[in-house]
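In what follows, a single structure is set out as structure tokens and then discussed.
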Amino acid sequence: MPGLNRVQIIGNLGADPHQKETSKGTKVTTFSVAVNHYWRGEDGKTNKRTDWISAEAWGKMSEICVRLLEKGSLVYLEGELRTDRYEKDGETKYFTKIVVQRLQKLDPSEKEKEEPEVTEIADASPEDE
């Protein structure tokens, strides 16, 4: 049976997106999204927890993110979870992020010009480096 790897979040960007190019010239944009969770405690007070979710977008989706998004933007993201690993001080570290395949900006801003509200890119996955 095939597996399923799909995640959806709605949250606010914590900072402006950061774009760079790979050695092959492919553009990749990284950013983080704050997702707030609220609940009422036994004492009746409202509590809040913020989860910071890392995201990256590749190719045309990368360019769209840089053009449309900015710190504070409210966004809907859909994509797949990807876990990278790296070595630091002889220890293996793991880093999980969303690879964005679909994006919808939920609040208008000055950056929005003629771009459609919903953008879906079929080939939004990174190239093999």
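For the structure tokens, the naming scheme is as follows: chains receive sequential letters (A, B, ...) according to their order of presentation, residues are indexed from 1 within each chain, and ligands are indexed from 1 in presentation order.
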Handout entry: Close residues, segment 76-91 of chain A itself excluded, 6 Å, only C-alpha atoms, min 6 positions apart in chain, as a VMD selection string
Key = chain A and resid 5 to 10 97 to 104
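For Thr50 of chain A, the set of protein, DNA and RNA residues having any atom at most 8 Å away, when counting only C-alpha atoms and skipping those fewer than 6 positions along the same chain, is Ala34, Val35, Asn36 and His37 of chain A.
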Residue selection dump (C-alpha atoms) as an mmCIF file, in the first residue's frame:
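Dumped everything to part-v1.cif:
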```cif
data_model
loop_
_atom_site.group_PDB
_atom_site.id
_atom_site.type_symbol
_atom_site.label_atom_id
_atom_site.label_comp_id
_atom_site.auth_asym_id
_atom_site.auth_seq_id
_atom_site.Cartn_x
_atom_site.Cartn_y
_atom_site.Cartn_z
ATOM 1 C CA ALA A 34 4.048 30.578 13.674
ATOM 2 C CA VAL A 35 0.978 28.467 14.400
ATOM 3 C CA ASN A 36 -0.864 29.493 17.561
ATOM 4 C CA HIS A 37 -2.883 27.094 19.716
#
```
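Our summary of the geometry notes that atom CA of Ile53 of chain A is positioned 19.1 Å from atom CA of Asp107 of chain A.
Nearest-residue note for Gly14 of chain A: choosing from A:Thr96, A:Thr46, A:Ser54, A:Ser32, the minimum distance belongs to A:Ser32, counting only C-alpha atoms.
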Exercise for the section: For Trp39 of chain A, please output as a PyMOL selection string all residues within 9 Å (counting only C-alpha atoms; exclusion window: fewer than 3 positions along the same chain). Expected result: chain A and resi 45-49
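Restricting the calculation to only C-alpha atoms, the smallest distance between Trp52 of chain A and any of A:Leu74, A:Leu69, A:Val28, A:Leu13 is found for A:Leu13.
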Problem - Two-atom distance - atom CA of Ala57 of chain A, atom CA of Ala15 of chain A (Å) - result: 15.1 Å
Exercise for the section: Enumerate, as an MDAnalysis selection string, the complete set of residues in segment 4-124 of chain A that a backbone-based DSSP assignment places in strand (DSSP E or B). Expected result: chainID A and resid 7:13 18:21 27:40 46:58 74:88 91:105 118:120
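Ranking A:Lys71, A:Thr30, A:Asn12, A:Met1 by their shortest atom-to-atom distance to Leu106 of chain A, with only C-alpha atoms included, puts A:Asn12 first.
Distance-wise, atom CA of Asp16 of chain A and atom CA of Trp58 of chain A end up 16.1 Å apart.
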Handout entry: alpha helix (DSSP H) per DSSP on the backbone: members of segment 20-91 of chain A, as a VMD selection string
Key = chain A and resid 59 to 68
May I have the residues from that selection written out with all heavy atoms, as a short mmCIF file (atom, residue, chain, number, x, y, z; two decimals), in the first residue's frame?
```cif
data_model
loop_
_atom_site.label_atom_id
_atom_site.label_comp_id
_atom_site.auth_asym_id
_atom_site.auth_seq_id
_atom_site.Cartn_x
_atom_site.Cartn_y
_atom_site.Cartn_z
N GLY A 59 12.11 26.50 -6.88
CA GLY A 59 11.79 26.90 -8.25
C GLY A 59 10.83 28.07 -8.31
O GLY A 59 11.01 29.09 -7.64
N LYS A 60 9.78 27.92 -9.12
CA LYS A 60 8.80 29.00 -9.30
C LYS A 60 8.08 29.32 -7.99
O LYS A 60 7.79 30.49 -7.71
CB LYS A 60 7.81 28.62 -10.40
CG LYS A 60 6.83 29.74 -10.70
CD LYS A 60 6.09 29.50 -11.98
CE LYS A 60 4.97 30.49 -12.13
NZ LYS A 60 5.23 31.57 -13.01
N MET A 61 7.80 28.30 -7.20
CA MET A 61 7.15 28.55 -5.90
C MET A 61 8.04 29.40 -5.02
O MET A 61 7.56 30.26 -4.28
CB MET A 61 6.81 27.22 -5.21
CG MET A 61 6.08 27.39 -3.89
SD MET A 61 4.45 28.18 -4.02
CE MET A 61 3.48 26.81 -4.58
N SER A 62 9.34 29.22 -5.10
CA SER A 62 10.30 30.04 -4.36
C SER A 62 10.16 31.51 -4.75
O SER A 62 10.11 32.39 -3.89
CB SER A 62 11.73 29.55 -4.64
OG SER A 62 12.68 30.44 -4.13
N GLU A 63 10.08 31.76 -6.05
CA GLU A 63 9.95 33.14 -6.54
C GLU A 63 8.63 33.76 -6.10
O GLU A 63 8.57 34.94 -5.74
CB GLU A 63 10.07 33.14 -8.06
CG GLU A 63 11.45 32.71 -8.54
CD GLU A 63 11.52 32.51 -10.05
OE1 GLU A 63 10.66 33.05 -10.77
OE2 GLU A 63 12.46 31.82 -10.48
N ILE A 64 7.57 32.97 -6.10
CA ILE A 64 6.26 33.47 -5.67
C ILE A 64 6.29 33.84 -4.19
O ILE A 64 5.77 34.89 -3.79
CB ILE A 64 5.16 32.42 -5.97
CG1 ILE A 64 4.96 32.29 -7.48
CG2 ILE A 64 3.86 32.78 -5.27
CD1 ILE A 64 4.13 31.10 -7.89
N CYS A 65 6.92 33.01 -3.37
CA CYS A 65 7.00 33.29 -1.94
C CYS A 65 7.73 34.61 -1.67
O CYS A 65 7.27 35.43 -0.87
CB CYS A 65 7.71 32.16 -1.21
SG CYS A 65 6.73 30.66 -1.07
N VAL A 66 8.85 34.83 -2.36
CA VAL A 66 9.61 36.06 -2.16
C VAL A 66 8.80 37.28 -2.60
O VAL A 66 8.84 38.33 -1.96
CB VAL A 66 10.96 36.00 -2.91
CG1 VAL A 66 11.64 37.34 -2.95
CG2 VAL A 66 11.87 34.97 -2.25
N ARG A 67 8.06 37.12 -3.68
CA ARG A 67 7.29 38.25 -4.22
C ARG A 67 6.06 38.59 -3.35
O ARG A 67 5.74 39.75 -3.16
CB ARG A 67 6.86 37.94 -5.65
CG ARG A 67 6.26 39.13 -6.36
CD ARG A 67 6.09 38.92 -7.86
NE ARG A 67 5.20 37.82 -8.18
CZ ARG A 67 5.56 36.69 -8.78
NH1 ARG A 67 6.81 36.47 -9.10
NH2 ARG A 67 4.67 35.76 -9.04
N LEU A 68 5.41 37.57 -2.79
CA LEU A 68 4.13 37.81 -2.11
C LEU A 68 4.21 37.88 -0.59
O LEU A 68 3.38 38.53 0.04
CB LEU A 68 3.12 36.72 -2.48
CG LEU A 68 2.64 36.66 -3.91
CD1 LEU A 68 1.63 35.55 -4.07
CD2 LEU A 68 2.03 37.99 -4.32
#
```
